[in-house]
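**Q** I am sharing upload-v3.txt, which consists of compact mmCIF, C-alpha atoms:
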# COMPACT_ATOMS: atom_id res chain seq x y z
CA MET R 281 27.60 138.59 141.82
CA GLU R 282 28.74 134.96 141.45
CA LYS R 283 31.75 134.18 139.35
CA GLU R 284 31.41 131.15 137.10
CA ILE R 285 33.86 128.36 137.88
CA VAL R 286 35.70 127.32 134.75
CA ASN R 287 37.52 124.02 134.47
CA LYS R 288 40.60 125.16 132.59
CA VAL R 289 42.04 121.64 132.44
CA ALA R 290 38.94 120.27 130.71
CA ASN R 291 39.05 123.15 128.21
CA SER R 292 42.77 122.83 127.45
CA ALA R 293 44.58 120.69 124.90
CA LEU R 294 46.12 118.78 127.80
CA LYS R 295 45.55 115.03 127.55
CA VAL R 296 45.78 112.59 130.42
CA PHE R 297 47.35 109.18 129.92
CA ASP R 298 46.29 106.86 132.73
CA LEU R 299 48.03 103.47 132.93
CA GLU R 300 45.15 102.18 135.07
CA ASP R 301 42.91 102.41 132.00
CA TYR R 302 44.92 99.57 130.50
CA TYR R 303 45.23 97.38 133.59
CA PRO R 304 43.98 93.90 132.63
CA SER R 305 41.66 92.32 135.20
CA ASN R 306 42.89 88.81 134.43
CA PRO R 307 44.25 86.97 137.47
CA ARG R 308 48.00 86.75 137.96
CA LEU R 309 49.13 83.30 139.02
CA GLN R 310 52.51 81.74 139.62
CA ILE R 311 53.76 78.22 139.18
CA ASP R 312 56.80 77.10 141.15
CA ILE R 313 58.33 74.24 139.16
CA SER R 314 60.19 72.99 142.26
CA GLN R 315 56.96 71.48 143.60
CA TRP R 316 57.18 68.85 140.85
CA LEU R 317 60.86 68.00 141.34
CA TYR R 318 62.25 65.16 143.42
CA GLU R 319 63.23 66.76 146.75
CA GLY R 320 62.66 70.09 145.02
CA LEU R 321 65.92 69.77 143.12
CA VAL R 322 65.93 66.93 140.61
CA LEU R 323 63.74 66.68 137.56
CA ARG R 324 62.82 63.09 136.85
CA GLU R 325 61.38 63.24 133.38
CA LYS R 326 58.88 60.39 133.61
CA GLU R 327 57.46 61.64 136.96
CA PHE R 328 57.47 65.25 135.79
CA ARG R 329 55.54 64.44 132.62
CA SER R 330 53.07 62.29 134.57
CA ILE R 331 52.40 65.06 137.10
CA LEU R 332 51.83 67.63 134.36
CA LYS R 333 49.56 65.29 132.43
CA ASP R 334 47.33 64.75 135.48
CA LEU R 335 47.04 68.39 136.57
CA ASP R 336 43.80 70.37 136.27
CA TRP R 337 45.05 73.19 134.05
CA SER R 338 41.63 74.87 133.98
CA VAL R 339 42.54 76.78 137.18
CA TYR R 340 44.82 78.88 134.95
CA LYS R 341 42.05 79.83 132.51
CA ASP R 342 42.58 83.36 131.13
CA ALA R 343 45.27 84.06 133.76
CA PHE R 344 48.68 85.63 133.30
CA VAL R 345 50.99 82.89 134.55
CA GLY R 346 54.54 83.36 135.77
CA LEU R 347 56.77 80.29 135.83
CA TYR R 348 59.72 80.09 138.21
CA CYS R 349 61.71 77.70 140.35
CA SER R 350 62.23 78.66 144.00
CA THR R 351 65.12 76.24 144.54
CA ASP R 352 68.61 76.09 143.12
CA ALA R 353 67.64 73.22 140.82
CA ILE R 354 69.36 73.07 137.48
CA LEU R 355 66.55 72.46 135.04
CA PRO R 356 66.78 71.36 131.42
CA GLN R 357 65.65 74.03 128.97
CA TRP R 358 62.63 71.99 127.95
CA ALA R 359 61.09 71.90 131.47
CA TYR R 360 59.53 75.37 131.27
CA MET R 361 58.63 74.72 127.63
CA LEU R 362 56.68 71.61 128.60
CA VAL R 363 54.72 73.45 131.30
CA THR R 364 54.03 76.25 128.80
CA SER R 365 52.65 73.75 126.31
CA TYR R 366 50.04 72.65 128.87
CA LEU R 367 49.11 76.27 129.56
CA HIS R 368 48.84 77.10 125.86
CA GLY R 369 45.22 77.72 124.91
CA VAL R 370 44.20 77.89 128.60
CA SER R 371 46.04 80.85 130.07
CA LYS R 372 46.07 84.41 128.72
CA GLU R 373 49.86 84.52 128.67
CA VAL R 374 52.80 82.57 130.09
CA PHE R 375 55.98 84.25 131.24
CA LEU R 376 59.21 83.04 132.83
CA GLY R 377 59.74 85.01 136.01
CA ASN R 378 58.33 86.08 139.37
CA LYS R 379 55.23 88.17 140.01
CA GLN R 380 56.98 91.55 139.69
CA GLU R 381 58.62 90.50 136.44
CA LEU R 382 55.26 89.24 135.23
CA GLU R 383 53.68 92.68 135.80
CA LYS R 384 56.52 94.33 133.89
CA PHE R 385 56.02 91.86 131.05
CA ILE R 386 52.26 92.54 130.94
CA TYR R 387 52.78 96.29 130.70
CA GLN R 388 55.56 95.91 128.14
CA GLN R 389 53.09 94.11 125.90
CA ILE R 390 50.33 96.63 126.56
CA ILE R 391 52.46 99.70 125.88
CA ASP R 392 54.01 98.12 122.78
CA SER R 393 50.51 97.53 121.41
CA LEU R 394 49.17 101.06 122.03
CA ASP R 395 48.89 103.69 119.33
CA PHE R 396 50.30 106.91 120.77
CA SER R 397 49.61 108.99 117.65
CA SER R 398 46.56 110.62 119.28
CA TYR R 399 49.04 112.42 121.58
CA GLN R 400 50.94 113.94 118.64
CA ASP R 401 52.14 117.48 119.48
CA LEU R 402 49.98 117.72 122.60
CA PRO R 403 50.86 118.37 126.22
CA VAL R 404 50.35 115.13 128.15
CA ILE R 405 50.13 114.20 131.81
CA ILE R 406 50.97 110.62 132.68
CA LYS R 407 48.68 110.17 135.64
CA GLY R 408 50.20 109.12 138.93
CA CYS R 409 48.64 107.99 142.21
CA SER R 410 47.39 104.65 140.96
CA LYS R 411 44.99 102.56 143.00
CA LEU R 412 46.11 99.47 141.09
CA PRO R 413 49.59 97.91 141.30
CA ILE R 414 51.14 99.54 138.25
CA PRO R 415 54.86 98.68 138.07
CA GLU R 416 57.30 101.59 138.00
CA GLU R 417 58.71 100.22 134.77
CA ALA R 418 55.36 100.89 133.10
CA TYR R 419 55.82 104.61 133.71
CA VAL R 420 59.29 104.46 132.16
CA LEU R 421 57.98 102.54 129.14
CA ALA R 422 55.06 104.95 128.70
CA THR R 423 57.34 107.99 128.99
CA ASN R 424 59.75 106.55 126.45
CA LYS R 425 56.92 106.02 123.95
CA MET R 426 55.17 109.30 124.77
CA CYS R 427 58.31 111.37 124.15
CA LEU R 428 58.14 110.29 120.50
CA TYR R 429 54.75 111.98 120.09
CA ALA R 430 53.86 114.51 122.77
CA ARG R 431 54.95 118.12 122.76
CA SER R 432 55.47 117.87 126.51
CA VAL R 433 55.13 115.17 129.15
CA MET R 434 54.32 115.73 132.80
CA PHE R 435 53.70 113.35 135.67
CA GLY R 436 51.03 113.49 138.35
CA GLU R 437 47.74 115.35 138.32
CA ALA R 438 46.77 118.55 136.52
CA CYS R 439 46.86 120.47 139.82
CA SER R 440 50.41 119.38 140.66
CA ALA R 441 52.15 118.08 137.55
CA VAL R 442 55.90 117.52 137.50
CA PRO R 443 57.51 118.48 134.18
CA ILE R 444 59.32 115.51 132.63
CA PHE R 445 59.94 116.31 128.96
CA LYS R 446 59.50 119.19 126.57
CA ARG R 447 60.27 118.86 122.87
CA LYS R 448 62.82 121.36 121.67
CA THR R 449 61.38 123.66 119.04
CA LYS R 450 63.25 123.90 115.75
CA ILE R 451 64.55 127.36 114.79
Show the structure stored in the file as structure tokens.

**A**
Amino acid sequence: MEKEIVNKVANSALKVFDLEDYYPSNPRLQIDISQWLYEGLVLREKEFRSILKDLDWSVYKDAFVGLYCSTDAILPQWAYMLVTSYLHGVSKEVFLGNKQELEKFIYQQIIDSLDFSSYQDLPVIIKGCSKLPIPEEAYVLATNKMCLYARSVMFGEACSAVPIFKRKTKI
């Protein structure tokens, strides 16, 4: 007599929150401002403006773009603003920082825009083992938001979840 295999996870109230589901496929590109500085250190306004004006900005179409300077140049505040103005309307988003900071910024925006109310009073697993480069900060941000809604939060997979948070019941 064969025993029917029952998927208890599929039949439970347990909901899985997978950060990979929200991973934008847009390219991530970086612009090092130092390439447009005299000897990598000095911003000459006229040259800088001329270089920016002549660039093909279409290569940044729909990309998340991180702006940074790899040298110890002291840049005026408007330098990054000017580059951003050329990327406006071309790129998906412009951010000041390196690639890792850019990923954090992307997920900060994503998590801030999500409606977590569908997880209200439910047990939730924030899925681990990502195939995509999800920054660790995204898990912290998601947990912080999820704790406002979920009855409990776990990390990992249903077969080996690590308990993270459990709402205290009121007496």

**Q** Taking all atoms listed in the file into account, name the residue in R:Pro304, R:Gln310, R:Ala422, R:Val370 that is nearest to Leu394 in chain R.

**A**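 Nearest to Leu394 in chain R: R:Ala422.
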
**Q** CA of Asp336 in chain R to CA of Gln357 in chain R: how many Å, to one decimal?

**A**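 Interatomic distance here is 23.3 Å.
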
**Q** Provide the CA of Tyr303 in chain R to CA of Cys439 in chain R distance in Å, to one decimal place.

**A**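 The value is 24.0 Å.
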
**Q** I'd like the neighbourhood of Val345 in chain R as a PyMOL selection string, where a residue qualifies if any of its atoms comes within 12 Å (using all atoms listed in the file), though same-chain residues fewer than 4 positions away should be ignored.

**A** chain R and resi 306-312+337+339-341+360+363-364+366-368+370-383+385-386

**Q** Restricting the output to C-alpha atoms, write the selected residues as a PDB file, in the coordinates of the input.

**A**
ATOM      1  CA  ASN R 306      42.890  88.810 134.430  1.00  0.00           C
ATOM      2  CA  PRO R 307      44.250  86.970 137.470  1.00  0.00           C
ATOM      3  CA  ARG R 308      48.000  86.750 137.960  1.00  0.00           C
ATOM      4  CA  LEU R 309      49.130  83.300 139.020  1.00  0.00           C
ATOM      5  CA  GLN R 310      52.510  81.740 139.620  1.00  0.00           C
ATOM      6  CA  ILE R 311      53.760  78.220 139.180  1.00  0.00           C
ATOM      7  CA  ASP R 312      56.800  77.100 141.150  1.00  0.00           C
ATOM      8  CA  TRP R 337      45.050  73.190 134.050  1.00  0.00           C
ATOM      9  CA  VAL R 339      42.540  76.780 137.180  1.00  0.00           C
ATOM     10  CA  TYR R 340      44.820  78.880 134.950  1.00  0.00           C
ATOM     11  CA  LYS R 341      42.050  79.830 132.510  1.00  0.00           C
ATOM     12  CA  TYR R 360      59.530  75.370 131.270  1.00  0.00           C
ATOM     13  CA  VAL R 363      54.720  73.450 131.300  1.00  0.00           C
ATOM     14  CA  THR R 364      54.030  76.250 128.800  1.00  0.00           C
ATOM     15  CA  TYR R 366      50.040  72.650 128.870  1.00  0.00           C
ATOM     16  CA  LEU R 367      49.110  76.270 129.560  1.00  0.00           C
ATOM     17  CA  HIS R 368      48.840  77.100 125.860  1.00  0.00           C
ATOM     18  CA  VAL R 370      44.200  77.890 128.600  1.00  0.00           C
ATOM     19  CA  SER R 371      46.040  80.850 130.070  1.00  0.00           C
ATOM     20  CA  LYS R 372      46.070  84.410 128.720  1.00  0.00           C
ATOM     21  CA  GLU R 373      49.860  84.520 128.670  1.00  0.00           C
ATOM     22  CA  VAL R 374      52.800  82.570 130.090  1.00  0.00           C
ATOM     23  CA  PHE R 375      55.980  84.250 131.240  1.00  0.00           C
ATOM     24  CA  LEU R 376      59.210  83.040 132.830  1.00  0.00           C
ATOM     25  CA  GLY R 377      59.740  85.010 136.010  1.00  0.00           C
ATOM     26  CA  ASN R 378      58.330  86.080 139.370  1.00  0.00           C
ATOM     27  CA  LYS R 379      55.230  88.170 140.010  1.00  0.00           C
ATOM     28  CA  GLN R 380      56.980  91.550 139.690  1.00  0.00           C
ATOM     29  CA  GLU R 381      58.620  90.500 136.440  1.00  0.00           C
ATOM     30  CA  LEU R 382      55.260  89.240 135.230  1.00  0.00           C
ATOM     31  CA  GLU R 383      53.680  92.680 135.800  1.00  0.00           C
ATOM     32  CA  PHE R 385      56.020  91.860 131.050  1.00  0.00           C
ATOM     33  CA  ILE R 386      52.260  92.540 130.940  1.00  0.00           C
TER      34      ILE R 386
END

**Q** For Leu332 in chain R, which residue among R:Met361, R:Thr351, R:Pro356, R:Gln400 is the nearest when counting all atoms listed in the file?

**A** R:Met361

**Q** Residues within 9 Å of Phe396 in chain R, please, as a list in words. Count only C-alpha atoms; anything in the same chain fewer than 6 positions from it doesn't count.

**A**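 After dropping sequence-adjacent residues, the list is Lys425, Met426, Leu428, Tyr429 and Ala430 of chain R.
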
**Q** Suppose you want the space between CA of Lys384 in chain R and CA of Trp316 in chain R; what is it in Å?

**A**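 Interatomic distance, CA of Lys384 in chain R to CA of Trp316 in chain R: 26.4 Å.
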
**Q** List as a count of residues only: which residues have an atom within 9 Å of (47.9, 120.4, 120.6), counting only C-alpha atoms?

**A** 10

**Q** I'd like the neighbourhood of Arg447 in chain R as a PyMOL selection string, where a residue qualifies if any of its atoms comes within 7 Å (using only C-alpha atoms), though same-chain residues fewer than 2 positions away should be ignored.

**A** chain R and resi 431-432+445+449

**Q** Here is a test: counting all atoms listed in the file, which residue of R:Leu317, R:Tyr302, R:Ser410, R:Ala343 is nearest to Ile331 in chain R?

**A**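 Distance minimum relative to Ile331 in chain R lands on R:Leu317.
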
**Q** Counting only C-alpha atoms, which residue out of R:Ile405, R:Leu362, R:Ser338, R:Gln388 sits closest to Val420 in chain R?

**A** R:Gln388

**Q** Which one is closest to Glu416 in chain R: R:Asp334, R:Trp358, R:Tyr387, R:Tyr348? Count all atoms listed in the file.

**A**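 Nearest candidate to Glu416 in chain R out of R:Asp334, R:Trp358, R:Tyr387, R:Tyr348: R:Tyr387.
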
**Q** Under the rule that all atoms listed in the file are counted, which of R:Lys411, R:Val404, R:Phe435, R:Ile354 is the nearest residue to Glu300 in chain R?

**A**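 So, comparing all the options, the nearest one is R:Lys411.
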